[in-house]
Structure formats: structure tokens, C-alpha cells
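Note: the block below is my_file-v6.pdb and it holds PDB, C-alpha atoms.
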ATOM      1  CA  MET A   1     -27.982 -58.044 170.137
ATOM      2  CA  LYS A   2     -25.420 -60.375 171.492
ATOM      3  CA  LYS A   3     -24.487 -61.280 167.974
ATOM      4  CA  VAL A   4     -23.921 -57.629 167.100
ATOM      5  CA  LYS A   5     -21.687 -57.166 170.086
ATOM      6  CA  THR A   6     -19.677 -60.194 169.104
ATOM      7  CA  THR A   7     -19.298 -58.833 165.582
ATOM      8  CA  LEU A   8     -18.190 -55.438 166.867
ATOM      9  CA  LYS A   9     -15.627 -57.022 169.120
ATOM     10  CA  PHE A  10     -14.177 -58.714 166.092
ATOM     11  CA  LEU A  11     -14.346 -55.736 163.711
ATOM     12  CA  VAL A  12     -12.902 -53.108 166.028
ATOM     13  CA  PRO A  13      -9.398 -54.673 166.231
ATOM     14  CA  VAL A  14      -9.461 -55.300 162.505
ATOM     15  CA  VAL A  15     -10.363 -51.694 161.806
ATOM     16  CA  ILE A  16      -7.677 -50.473 164.167
ATOM     17  CA  VAL A  17      -5.083 -52.665 162.484
ATOM     18  CA  LEU A  18      -6.208 -51.470 159.075
ATOM     19  CA  LEU A  19      -6.004 -47.854 160.190
ATOM     20  CA  VAL A  20      -2.519 -48.386 161.568
ATOM     21  CA  VAL A  21      -1.433 -50.064 158.346
ATOM     22  CA  LEU A  22      -3.102 -47.327 156.310
ATOM     23  CA  VAL A  23      -1.345 -44.596 158.240
ATOM     24  CA  ALA A  24       1.971 -46.463 158.123
ATOM     25  CA  THR A  25       1.794 -46.912 154.365
ATOM     26  CA  SER A  26       0.713 -43.344 153.711
ATOM     27  CA  PHE A  27       3.995 -41.729 154.794
ATOM     28  CA  TYR A  28       7.619 -42.220 153.995
ATOM     29  CA  THR A  29      10.856 -40.538 155.093
ATOM     30  CA  VAL A  30      13.690 -39.137 153.009
ATOM     31  CA  GLN A  31      17.271 -38.857 154.344
ATOM     32  CA  GLU A  32      19.609 -35.954 153.559
ATOM     33  CA  ASN A  33      21.837 -38.032 151.301
ATOM     34  CA  GLU A  34      19.224 -39.693 149.076
ATOM     35  CA  TYR A  35      16.584 -39.180 146.396
ATOM     36  CA  ALA A  36      13.040 -40.558 146.698
ATOM     37  CA  CYS A  37      10.960 -41.404 143.632
ATOM     38  CA  VAL A  38       7.204 -42.078 144.046
ATOM     39  CA  VAL A  39       6.055 -44.636 141.474
ATOM     40  CA  ARG A  40       2.384 -45.220 140.685
ATOM     41  CA  PHE A  41       1.517 -47.921 138.220
ATOM     42  CA  SER A  42       5.138 -48.067 136.941
ATOM     43  CA  LYS A  43       5.198 -44.340 136.391
ATOM     44  CA  ILE A  44       7.104 -41.803 138.471
ATOM     45  CA  ILE A  45       4.760 -39.140 139.726
ATOM     46  CA  ASP A  46       7.108 -37.370 142.138
ATOM     47  CA  VAL A  47      10.807 -36.999 142.831
ATOM     48  CA  THR A  48      12.188 -35.299 145.918
ATOM     49  CA  ASP A  49      15.503 -34.827 147.663
ATOM     50  CA  SER A  50      14.070 -32.899 150.620
ATOM     51  CA  SER A  51      14.715 -34.681 153.852
ATOM     52  CA  GLY A  52      11.785 -35.330 156.196
ATOM     53  CA  LEU A  53       8.361 -37.005 156.228
ATOM     54  CA  HIS A  54       6.347 -37.174 152.990
ATOM     55  CA  PHE A  55       2.899 -38.461 152.014
ATOM     56  CA  LYS A  56       2.000 -41.044 149.376
ATOM     57  CA  MET A  57      -1.069 -42.958 148.293
ATOM     58  CA  PRO A  58      -1.202 -46.117 150.387
ATOM     59  CA  PHE A  59      -1.221 -49.468 148.604
ATOM     60  CA  VAL A  60      -0.892 -47.661 145.266
ATOM     61  CA  ASP A  61       2.303 -45.676 145.359
ATOM     62  CA  THR A  62       5.748 -47.205 145.709
ATOM     63  CA  VAL A  63       8.826 -45.314 146.862
ATOM     64  CA  ILE A  64      12.222 -46.035 145.270
ATOM     65  CA  LYS A  65      15.276 -44.420 146.795
ATOM     66  CA  PHE A  66      18.660 -43.642 145.213
ATOM     67  CA  PRO A  67      21.814 -42.292 146.911
ATOM     68  CA  ASP A  68      22.527 -38.583 146.547
ATOM     69  CA  THR A  69      26.265 -38.982 147.210
ATOM     70  CA  VAL A  70      29.442 -39.530 145.194
ATOM     71  CA  LEU A  71      29.791 -43.226 144.424
ATOM     72  CA  LEU A  72      32.969 -45.137 143.674
ATOM     73  CA  TYR A  73      32.930 -47.924 141.134
ATOM     74  CA  ASP A  74      36.105 -50.015 140.871
ATOM     75  CA  ILE A  75      36.165 -51.298 137.293
ATOM     76  CA  PRO A  76      37.595 -54.806 136.823
ATOM     77  CA  PRO A  77      40.957 -54.891 134.981
ATOM     78  CA  SER A  78      40.660 -55.113 131.202
ATOM     79  CA  ASP A  79      43.010 -55.313 128.224
ATOM     80  CA  VAL A  80      43.546 -52.479 125.727
ATOM     81  CA  ILE A  81      45.634 -52.215 122.544
ATOM     82  CA  THR A  82      48.174 -49.381 122.201
ATOM     83  CA  SER A  83      48.934 -47.502 118.995
ATOM     84  CA  ASP A  84      51.876 -49.830 118.257
ATOM     85  CA  SER A  85      49.533 -52.862 118.488
ATOM     86  CA  LYS A  86      50.733 -54.033 121.891
ATOM     87  CA  SER A  87      48.446 -55.277 124.626
ATOM     88  CA  MET A  88      48.284 -53.738 128.106
ATOM     89  CA  GLN A  89      46.091 -54.343 131.137
ATOM     90  CA  VAL A  90      44.283 -51.331 132.604
ATOM     91  CA  ASP A  91      42.929 -51.182 136.153
ATOM     92  CA  SER A  92      40.777 -48.084 136.728
ATOM     93  CA  TYR A  93      37.926 -46.637 138.769
ATOM     94  CA  VAL A  94      35.097 -44.125 138.275
ATOM     95  CA  MET A  95      33.716 -41.584 140.755
ATOM     96  CA  TRP A  96      30.128 -40.693 139.842
ATOM     97  CA  LYS A  97      26.798 -39.518 141.242
ATOM     98  CA  ILE A  98      23.145 -39.419 140.179
ATOM     99  CA  SER A  99      22.303 -35.950 138.874
ATOM    100  CA  ASP A 100      18.840 -36.663 137.410
ATOM    101  CA  PRO A 101      16.907 -39.317 139.363
ATOM    102  CA  LEU A 102      14.035 -39.358 136.847
ATOM    103  CA  ALA A 103      16.302 -40.018 133.870
ATOM    104  CA  PHE A 104      18.314 -42.482 135.924
ATOM    105  CA  TYR A 105      15.240 -44.493 136.871
ATOM    106  CA  LYS A 106      13.796 -44.470 133.340
ATOM    107  CA  SER A 107      17.052 -45.496 131.632
ATOM    108  CA  LEU A 108      18.736 -47.742 134.197
ATOM    109  CA  GLY A 109      16.525 -48.252 137.211
ATOM    110  CA  SER A 110      19.192 -49.522 139.614
ATOM    111  CA  ILE A 111      22.754 -48.993 140.808
ATOM    112  CA  VAL A 112      23.828 -52.418 139.533
ATOM    113  CA  GLU A 113      22.646 -51.636 136.014
ATOM    114  CA  ALA A 114      24.365 -48.234 136.218
ATOM    115  CA  GLU A 115      27.705 -49.862 137.109
ATOM    116  CA  VAL A 116      27.382 -52.258 134.171
ATOM    117  CA  ARG A 117      26.749 -49.331 131.825
ATOM    118  CA  LEU A 118      29.651 -47.323 133.321
ATOM    119  CA  ASP A 119      31.931 -50.326 132.868
ATOM    120  CA  ASN A 120      31.186 -50.418 129.128
ATOM    121  CA  ILE A 121      31.448 -46.654 128.641
ATOM    122  CA  THR A 122      34.717 -46.361 130.564
ATOM    123  CA  TYR A 123      36.301 -49.314 128.790
ATOM    124  CA  ASN A 124      35.469 -47.818 125.386
ATOM    125  CA  ALA A 125      36.966 -44.473 126.455
ATOM    126  CA  LEU A 126      40.116 -46.176 127.759
ATOM    127  CA  LYS A 127      40.467 -48.248 124.598
ATOM    128  CA  THR A 128      40.051 -45.173 122.381
ATOM    129  CA  THR A 129      42.525 -43.011 124.341
ATOM    130  CA  MET A 130      45.178 -45.667 124.933
ATOM    131  CA  GLY A 131      44.968 -46.607 121.279
ATOM    132  CA  THR A 132      46.599 -43.290 120.411
ATOM    133  CA  ILE A 133      49.668 -43.804 122.645
ATOM    134  CA  GLU A 134      52.606 -46.164 122.179
ATOM    135  CA  GLN A 135      53.391 -48.725 124.843
ATOM    136  CA  ASP A 136      56.890 -47.384 125.636
ATOM    137  CA  GLU A 137      55.468 -43.891 126.047
ATOM    138  CA  ILE A 138      52.886 -45.170 128.522
ATOM    139  CA  ILE A 139      55.453 -47.131 130.532
ATOM    140  CA  ASN A 140      58.036 -44.335 130.667
ATOM    141  CA  MET A 141      55.543 -41.530 131.242
ATOM    142  CA  ASP A 142      56.951 -39.447 134.119
ATOM    143  CA  ASP A 143      55.283 -36.150 133.267
ATOM    144  CA  GLY A 144      52.335 -35.625 135.622
ATOM    145  CA  ALA A 145      50.800 -32.981 133.349
ATOM    146  CA  LYS A 146      50.761 -35.414 130.414
ATOM    147  CA  ARG A 147      49.150 -38.096 132.576
ATOM    148  CA  ASN A 148      46.467 -35.652 133.763
ATOM    149  CA  GLU A 149      45.701 -34.737 130.152
ATOM    150  CA  ILE A 150      45.015 -38.403 129.422
ATOM    151  CA  TYR A 151      42.758 -38.722 132.469
ATOM    152  CA  SER A 152      40.884 -35.562 131.499
ATOM    153  CA  ALA A 153      40.303 -36.856 127.968
ATOM    154  CA  ILE A 154      38.936 -40.149 129.317
ATOM    155  CA  THR A 155      36.710 -38.342 131.841
ATOM    156  CA  ALA A 156      35.307 -36.076 129.113
ATOM    157  CA  GLN A 157      34.391 -39.048 126.922
ATOM    158  CA  VAL A 158      32.721 -40.946 129.781
ATOM    159  CA  THR A 159      30.819 -37.813 130.894
ATOM    160  CA  GLU A 160      29.494 -37.251 127.391
ATOM    161  CA  LYS A 161      28.110 -40.794 127.230
ATOM    162  CA  ALA A 162      26.796 -40.965 130.815
ATOM    163  CA  VAL A 163      24.817 -37.721 130.901
ATOM    164  CA  ILE A 164      21.871 -39.276 129.064
ATOM    165  CA  TYR A 165      21.464 -41.729 131.955
ATOM    166  CA  GLY A 166      21.200 -38.944 134.536
ATOM    167  CA  ILE A 167      24.739 -39.632 135.754
ATOM    168  CA  ASP A 168      27.388 -37.010 136.473
ATOM    169  CA  ILE A 169      30.999 -38.256 136.188
ATOM    170  CA  ILE A 170      33.241 -36.740 138.856
ATOM    171  CA  ASP A 171      36.526 -38.357 137.851
ATOM    172  CA  VAL A 172      38.075 -41.293 136.038
ATOM    173  CA  LYS A 173      41.508 -42.510 137.119
ATOM    174  CA  VAL A 174      43.812 -45.331 136.053
ATOM    175  CA  LYS A 175      45.187 -47.145 139.073
ATOM    176  CA  ARG A 176      47.565 -49.418 137.235
ATOM    177  CA  LEU A 177      48.859 -49.996 133.720
ATOM    178  CA  ASP A 178      50.636 -53.276 133.254
ATOM    179  CA  TYR A 179      51.392 -56.031 130.787
ATOM    180  CA  PRO A 180      48.919 -58.879 130.397
ATOM    181  CA  THR A 181      49.514 -61.651 132.913
ATOM    182  CA  ASP A 182      49.953 -64.327 130.251
ATOM    183  CA  ASN A 183      53.081 -62.733 128.727
ATOM    184  CA  GLU A 184      54.213 -60.570 131.641
ATOM    185  CA  GLN A 185      57.369 -62.592 132.373
ATOM    186  CA  ALA A 186      58.368 -62.656 128.705
ATOM    187  CA  VAL A 187      57.935 -58.896 128.499
ATOM    188  CA  TYR A 188      59.997 -58.365 131.638
ATOM    189  CA  THR A 189      62.755 -60.567 130.227
ATOM    190  CA  ARG A 190      62.743 -58.597 126.979
ATOM    191  CA  MET A 191      62.839 -55.310 128.898
ATOM    192  CA  ILE A 192      65.817 -56.518 130.953
ATOM    193  CA  SER A 193      67.622 -57.551 127.774
ATOM    194  CA  GLU A 194      66.914 -54.186 126.151
ATOM    195  CA  ARG A 195      68.102 -52.305 129.233
ATOM    196  CA  ASN A 196      71.292 -54.409 129.319
ATOM    197  CA  MET A 197      71.932 -53.599 125.661
ATOM    198  CA  MET A 198      71.357 -49.921 126.363
ATOM    199  CA  ALA A 199      73.745 -50.095 129.325
ATOM    200  CA  GLU A 200      76.442 -51.792 127.227
ATOM    201  CA  GLU A 201      76.006 -49.203 124.500
ATOM    202  CA  LEU A 202      76.279 -46.381 127.016
ATOM    203  CA  ILE A 203      79.400 -47.953 128.547
ATOM    204  CA  ALA A 204      80.970 -48.397 125.096
ATOM    205  CA  ASN A 205      80.178 -44.786 124.187
ATOM    206  CA  GLY A 206      81.586 -43.656 127.513
ATOM    207  CA  ASN A 207      84.806 -45.622 126.997
ATOM    208  CA  LYS A 208      85.105 -44.233 123.475
ATOM    209  CA  THR A 209      84.616 -40.690 124.711
ATOM    210  CA  ALA A 210      87.108 -41.289 127.529
ATOM    211  CA  THR A 211      89.708 -42.593 125.043
ATOM    212  CA  ILE A 212      89.195 -39.633 122.725
ATOM    213  CA  THR A 213      89.448 -37.233 125.656
ATOM    214  CA  LYS A 214      92.600 -38.944 126.983
ATOM    215  CA  ASN A 215      94.254 -38.864 123.565
ATOM    216  CA  GLU A 216      93.350 -35.217 123.175
ATOM    217  CA  VAL A 217      94.771 -34.411 126.605
ATOM    218  CA  ASP A 218      97.960 -36.368 125.834
ATOM    219  CA  ARG A 219      98.322 -34.472 122.559
ATOM    220  CA  ILE A 220      97.857 -31.139 124.301
ATOM    221  CA  VAL A 221     100.380 -32.119 127.012
ATOM    222  CA  ASN A 222     102.939 -33.240 124.422
ATOM    223  CA  GLU A 223     102.454 -30.072 122.401
ATOM    224  CA  THR A 224     102.750 -27.964 125.532
ATOM    225  CA  LEU A 225     105.937 -29.729 126.639
ATOM    226  CA  SER A 226     107.401 -29.517 123.129
ATOM    227  CA  ASN A 227     106.619 -25.828 122.891
ATOM    228  CA  ALA A 228     108.023 -25.260 126.368
ATOM    229  CA  GLU A 229     111.260 -27.098 125.517
ATOM    230  CA  ARG A 230     111.559 -25.205 122.259
ATOM    231  CA  GLU A 231     110.963 -21.885 123.985
ATOM    232  CA  ALA A 232     113.475 -22.858 126.679
ATOM    233  CA  GLU A 233     116.086 -23.712 124.046
ATOM    234  CA  GLU A 234     115.383 -20.447 122.282
ATOM    235  CA  ILE A 235     115.752 -18.552 125.571
ATOM    236  CA  ILE A 236     119.015 -20.403 126.358
ATOM    237  CA  ALA A 237     120.342 -19.739 122.857
ATOM    238  CA  SER A 238     119.343 -16.107 123.139
ATOM    239  CA  GLY A 239     121.033 -15.884 126.550
ATOM    240  CA  GLU A 240     124.199 -17.496 125.231
ATOM    241  CA  ALA A 241     124.185 -15.167 122.253
ATOM    242  CA  GLU A 242     123.763 -12.185 124.586
ATOM    243  CA  TYR A 243     126.519 -13.566 126.808
ATOM    244  CA  MET A 244     128.885 -13.901 123.840
ATOM    245  CA  ARG A 245     127.947 -10.412 122.696
ATOM    246  CA  ILE A 246     128.698  -8.918 126.110
ATOM    247  CA  LEU A 247     131.906 -10.986 126.324
ATOM    248  CA  GLY A 248     132.967  -9.798 122.869
ATOM    249  CA  GLU A 249     132.373  -6.202 123.853
ATOM    250  CA  ALA A 250     134.335  -6.691 127.091
ATOM    251  CA  TYR A 251     137.355  -8.233 125.339
ATOM    252  CA  ASN A 252     137.411  -6.352 122.059
ATOM    253  CA  THR A 253     141.159  -5.491 122.142
ATOM    254  CA  PRO A 254     144.260  -7.776 121.911
ATOM    255  CA  ASP A 255     145.308  -6.891 125.469
ATOM    256  CA  LYS A 256     141.904  -7.712 126.889
ATOM    257  CA  GLN A 257     141.772 -10.931 124.921
ATOM    258  CA  GLU A 258     145.204 -11.966 126.155
ATOM    259  CA  PHE A 259     144.112 -11.195 129.726
ATOM    260  CA  TYR A 260     140.976 -13.257 129.227
ATOM    261  CA  TYR A 261     142.980 -16.263 127.985
ATOM    262  CA  PHE A 262     145.332 -15.804 130.933
ATOM    263  CA  ILE A 263     142.494 -15.854 133.450
ATOM    264  CA  ARG A 264     140.932 -18.901 131.821
ATOM    265  CA  ALA A 265     144.252 -20.691 131.871
ATOM    266  CA  LEU A 266     144.730 -19.939 135.561
ATOM    267  CA  ASP A 267     141.256 -21.205 136.322
ATOM    268  CA  ALA A 268     142.023 -24.405 134.437
ATOM    269  CA  LEU A 269     145.324 -24.773 136.295
ATOM    270  CA  GLU A 270     143.618 -24.244 139.652
ATOM    271  CA  THR A 271     141.067 -26.874 138.803
ATOM    272  CA  SER A 272     143.783 -29.320 137.693
ATOM    273  CA  LEU A 273     145.779 -28.908 140.893
ATOM    274  CA  GLY A 274     142.825 -29.668 143.109
ATOM    275  CA  GLY A 275     142.961 -32.670 145.407
ATOM    276  CA  ASP A 276     146.078 -34.684 146.339
ATOM    277  CA  ASN A 277     147.545 -34.837 142.817
ATOM    278  CA  LYS A 278     149.847 -31.796 142.348
ATOM    279  CA  THR A 279     151.523 -32.915 139.130
ATOM    280  CA  VAL A 280     150.538 -31.344 135.834
ATOM    281  CA  ILE A 281     151.888 -32.504 132.489
ATOM    282  CA  LEU A 282     151.632 -29.852 129.822
ATOM    283  CA  GLY A 283     152.545 -29.950 126.180
ATOM    284  CA  ALA A 284     155.149 -27.637 124.750
ATOM    285  CA  ASP A 285     152.557 -25.809 122.689
ATOM    286  CA  SER A 286     150.110 -25.419 125.596
ATOM    287  CA  GLU A 287     149.116 -21.864 126.353
ATOM    288  CA  LEU A 288     149.422 -22.588 130.046
ATOM    289  CA  ALA A 289     152.936 -23.907 129.549
ATOM    290  CA  LYS A 290     153.833 -20.782 127.626
ATOM    291  CA  ILE A 291     152.461 -18.594 130.416
ATOM    292  CA  LEU A 292     154.427 -20.494 133.067
ATOM    293  CA  ASN A 293     157.631 -20.403 131.011
ATOM    294  CA  ASN A 294     157.265 -16.680 130.416
ATOM    295  CA  ALA A 295     156.658 -16.142 134.137
ATOM    296  CA  LEU A 296     159.838 -18.101 135.029
ATOM    297  CA  ALA A 297     161.866 -16.238 132.451
ATOM    298  CA  GLU A 298     160.705 -12.889 133.787
ATOM    299  CA  GLU A 299     161.493 -13.968 137.356
ATOM    300  CA  GLU A 300     165.044 -15.016 136.415
ATOM    301  CA  ALA A 301     165.632 -11.787 134.541
ATOM    302  CA  ALA A 302     164.545  -9.697 137.506
ATOM    303  CA  ALA A 303     166.847 -11.517 140.052
ATOM    304  CA  PRO A 304     170.463  -9.862 140.793
ATOM    305  CA  ALA A 305     173.672 -11.609 139.531
ATOM    306  CA  VAL A 306     175.663 -13.622 142.182
ATOM    307  CA  THR A 307     179.675 -13.466 141.963
ATOM    308  CA  ASP A 308     182.041 -16.232 143.169
ATOM    309  CA  VAL A 309     183.828 -15.376 146.586
ATOM    310  CA  PRO A 310     186.972 -17.391 147.524
ATOM    311  CA  VAL A 311     186.735 -19.334 150.744
ATOM    312  CA  THR A 312     189.789 -19.325 153.086
ATOM    313  CA  ASP A 313     190.672 -21.599 155.973
ATOM    314  CA  PRO A 314     190.868 -19.724 159.289
ATOM    315  CA  ALA A 315     193.670 -22.008 160.494
ATOM    316  CA  THR A 316     196.053 -21.011 157.744
ATOM    317  CA  GLU A 317     195.255 -17.359 157.816
ATOM    318  CA  PRO A 318     197.714 -15.235 159.860
ATOM    319  CA  SER A 319     196.467 -13.817 163.108
ATOM    320  CA  VAL A 320     196.310 -10.130 163.690
ATOM    321  CA  GLU A 321     197.247  -8.798 167.016
ATOM    322  CA  PRO A 322     195.070  -6.086 168.417
ATOM    323  CA  GLU A 323     196.527  -2.676 168.803
ATOM    324  CA  VAL A 324     196.702  -1.431 172.403
ATOM    325  CA  VAL A 325     196.431   2.296 172.953
ATOM    326  CA  PRO A 326     197.937   3.561 176.278
ATOM    327  CA  GLN A 327     195.841   5.662 178.559
ATOM    328  CA  GLN A 328     196.984   9.232 179.223
TER     329      GLN A 328
END

For this file, produce the structure as C-alpha cells.
Amino acid sequence: MKKVKTTLKFLVPVVIVLLVVLVATSFYTVQENEYACVVRFSKIIDVTDSSGLHFKMPFVDTVIKFPDTVLLYDIPPSDVITSDSKSMQVDSYVMWKISDPLAFYKSLGSIVEAEVRLDNITYNALKTTMGTIEQDEIINMDDGAKRNEIYSAITAQVTEKAVIYGIDIIDVKVKRLDYPTDNEQAVYTRMISERNMMAEELIANGNKTATITKNEVDRIVNETLSNAEREAEEIIASGEAEYMRILGEAYNTPDKQEFYYFIRALDALETSLGGDNKTVILGADSELAKILNNALAEEEAAAPAVTDVPVTDPATEPSVEPEVVPQQ
């Protein structure tokens, strides 16, 4: 009897421990952001994404959990060849999530294996897409719509390949496109040289255009000035012709012409006698001399004649006594 009691004392704790272990291994919990796959003898018998407490066969079933969230995989930089056979280094990333846990477990089984497979699929898509674009076009691509088209094409290719693994591709983006590190400095030097050549060509074209423009402006200015001078001369000639016409009409008789010459001669004489010099030397055939001579002749002809009167000496002339008349 004592032996039985001793045995019971030993078995009761063991049974309690076994029951606790049995209960503990019979349930498992699922979080809101994860999948749970129940595996029995290497075969999935249940998949759930319902959060809470769930039952499983203790010591037989195994629970494997996968995240039910969007995952980010930063792909290591890799080299691709452009359509003009030039090498470029691509640094990209993939945003993905598990859409079919059963297919994911059967085909890949783990997140690490999934990232390896995504690396290969994404690289092939990048190599295929970048192989259709020239290097200069990639470097100088400023159009956001064109860049988004490239990203969409890469995402579509990766999605098509990843769906069989139970993976849904959210987005594929290129973080950086650059030259390979081994020839990066040489490429930069060549780019600087090309840009300097382009700058010199632009400067030369600008100077050429400026010279052509300046010559054209100078030609227009010269033509404008020449036309203006010609028009001015024509206007002056026309004015002089009109002046001579009016003058001819004003002095169209001999008397008027003689008066005109007289006035001009007086104006010339007045101009000549200006200043301190009052002496004028005229030729005998000068019109002004003729006018002055005629004026003197007319003045002498108009003056009265003066007769000679004898002059007597008052001392020798007899005196005359005044006559006195007596007063009455």
C-alpha cells in the first residue's frame, strides 16, 4: 500500500505536467497581421488569417506563420546593358506581400527564399526594359510620365512572374541609375568634355548669329540714312524749285527784275559796309557802281544852279546918311 502511495505521488506531478504540456501544445494564436499554416507530416492541412486562439493536434501539427503585410525588399545594385550597349548600375526596391500562403509555402517556404526569387525576377525585368532605352535617354530623362511608364512596365513583368509563388507585387521603383563604379570617373570626364564642346558650339553659333544680326542692322541703318538723305535732298531741291518758280512769277517784268537786282545790290552793299571798314572798292562795270553813279547823277541834276556874286569891301563903299523926317 505504501508502495502504491509512493507511485501515485510520483505519477501525479508527471500527469499534471503532461496535461499542461498537452494543453499548451494544442492551441496557438494568430495575430491580425499574419497568416498561420498548420502542417501535419509536411503537408498543410489548414491556413487561416483570422486573429485569435486556434486548436491543433498536439505533437503532430506544426504551425508556420507568414506576415500579412506589405514587405519592402531593397535589391542590391546590379549592372544592366542599355540599347546602345553601354553599362549602367541600377539600384531598386520591390514592395510586395503574400497573397496565397499555401502557394507561397509550397513553392518557396520562407521569406529569405522569396527575396532571392524576387531578386532574380526583378533583375531580369530591369535588364529587359533598360535594354530598350539608350543611355543618354536614361540620363537626361526629365519627363515624369515617361519614367512612370518604365516603372509600370517593370512592375507588370515582375507581377506576372511572381504570381505563381503566391506573391502580389505592389510596386517596383528604381532608386538610382548610375555608371558602373569602375569607369565612373572616365565617364564623368567624357561627359564634361562633351558638355564643353556643346557650350563652345553654342557660343560660336551665338556669335555668328550676333554678327549676322549686327550686319543686318547696320545695313538697315545705312539704307535708312541714305534714303532719308536722298529724300531730304529731293525735298530741298523741290523747295528751291518752288522758290525759283514763285520768284520768277514775282519778278516776271523788266521793271520788277530791275527792282529785284537793286534790292539785292543794296543788301550786298549793307553787308559790305558792316563793321569798322567803311571803304568799298567797286569795279566800273559793277551793277552797284552803276546804281550809285546813277543816283549821284540824278541828285546833281535835281539841285538848283548857283551864280557868282561880287564881294565888296565895306571900308571902300560910300556911306549913306539916313534921311531924317521932321515931326509936324

### Query
Do you have the atom CA of Lys161 of chain A-atom CA of Ile121 of chain A distance handy?
6.9 Å

At most 12 Å is the cut-off: for each residue in segment 256-276 of chain A with any atom that close to an atom of segment 240-247 of chain A, write down the nearest atom pair and the distance in Å rounded to one decimal, counting only C-alpha atoms, chain first then increasing number, as JSON lines.
{"residue": "A:Lys256", "atom": "CA", "partner": "A:Leu247", "partner_atom": "CA", "distance": 10.5}
{"residue": "A:Gln257", "atom": "CA", "partner": "A:Leu247", "partner_atom": "CA", "distance": 10.0}
{"residue": "A:Tyr260", "atom": "CA", "partner": "A:Leu247", "partner_atom": "CA", "distance": 9.8}

### Query
In Å, with one decimal, what is the gap from atom CA of Val217 of chain A to atom CA of Glu231 of chain A?
20.6 Å

### Task
Name the residues within 8 Å of (33.6, -45.8, 138.8), counting all atoms listed in the file in the file's coordinates, and put them as a VMD selection string.
chain A and resid 71 to 75 92 to 96 115 118 to 119 172

Selection dump of the PyMOL selection byres ((chain A and resi 155) around 9), as an mmCIF file with C-alpha atoms, in the frame of the given file:
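Contents of selection_10.cif, freshly written:
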data_model
loop_
_atom_site.group_PDB
_atom_site.id
_atom_site.type_symbol
_atom_site.label_atom_id
_atom_site.label_comp_id
_atom_site.auth_asym_id
_atom_site.auth_seq_id
_atom_site.Cartn_x
_atom_site.Cartn_y
_atom_site.Cartn_z
ATOM 1 C CA VAL A 94 35.097 -44.125 138.275
ATOM 2 C CA THR A 122 34.717 -46.361 130.564
ATOM 3 C CA ALA A 125 36.966 -44.473 126.455
ATOM 4 C CA ILE A 150 45.015 -38.403 129.422
ATOM 5 C CA TYR A 151 42.758 -38.722 132.469
ATOM 6 C CA SER A 152 40.884 -35.562 131.499
ATOM 7 C CA ALA A 153 40.303 -36.856 127.968
ATOM 8 C CA ILE A 154 38.936 -40.149 129.317
ATOM 9 C CA ALA A 156 35.307 -36.076 129.113
ATOM 10 C CA GLN A 157 34.391 -39.048 126.922
ATOM 11 C CA VAL A 158 32.721 -40.946 129.781
ATOM 12 C CA THR A 159 30.819 -37.813 130.894
ATOM 13 C CA GLU A 160 29.494 -37.251 127.391
ATOM 14 C CA ILE A 169 30.999 -38.256 136.188
ATOM 15 C CA ILE A 170 33.241 -36.740 138.856
ATOM 16 C CA ASP A 171 36.526 -38.357 137.851
ATOM 17 C CA VAL A 172 38.075 -41.293 136.038
ATOM 18 C CA LYS A 173 41.508 -42.510 137.119
#

### Task
Could you jot down the atom CA of Thr253 of chain A to atom CA of Leu296 of chain A separation for me, Å, one decimal place?
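So the answer is 26.0 Å.
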
#### Entry: From A:Tyr251, A:Tyr188, A:Phe66, A:Tyr179, residue lying nearest Gly109 of chain A [all atoms listed in the file]
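Looking only at the distances to Gly109 of chain A, the closest residue turns out to be A:Phe66.
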
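Using only C-alpha atoms, the contacts of segment 79-86 of chain A at a cut-off of 9 Å, with sequence neighbours closer than 6 positions omitted, comprise Tyr123, Leu126, Lys127, Thr128, Thr129, Met130, Gly131, Thr132, Ile133, Glu134, Gln135, Ile138, Tyr179 and Pro180 of chain A.
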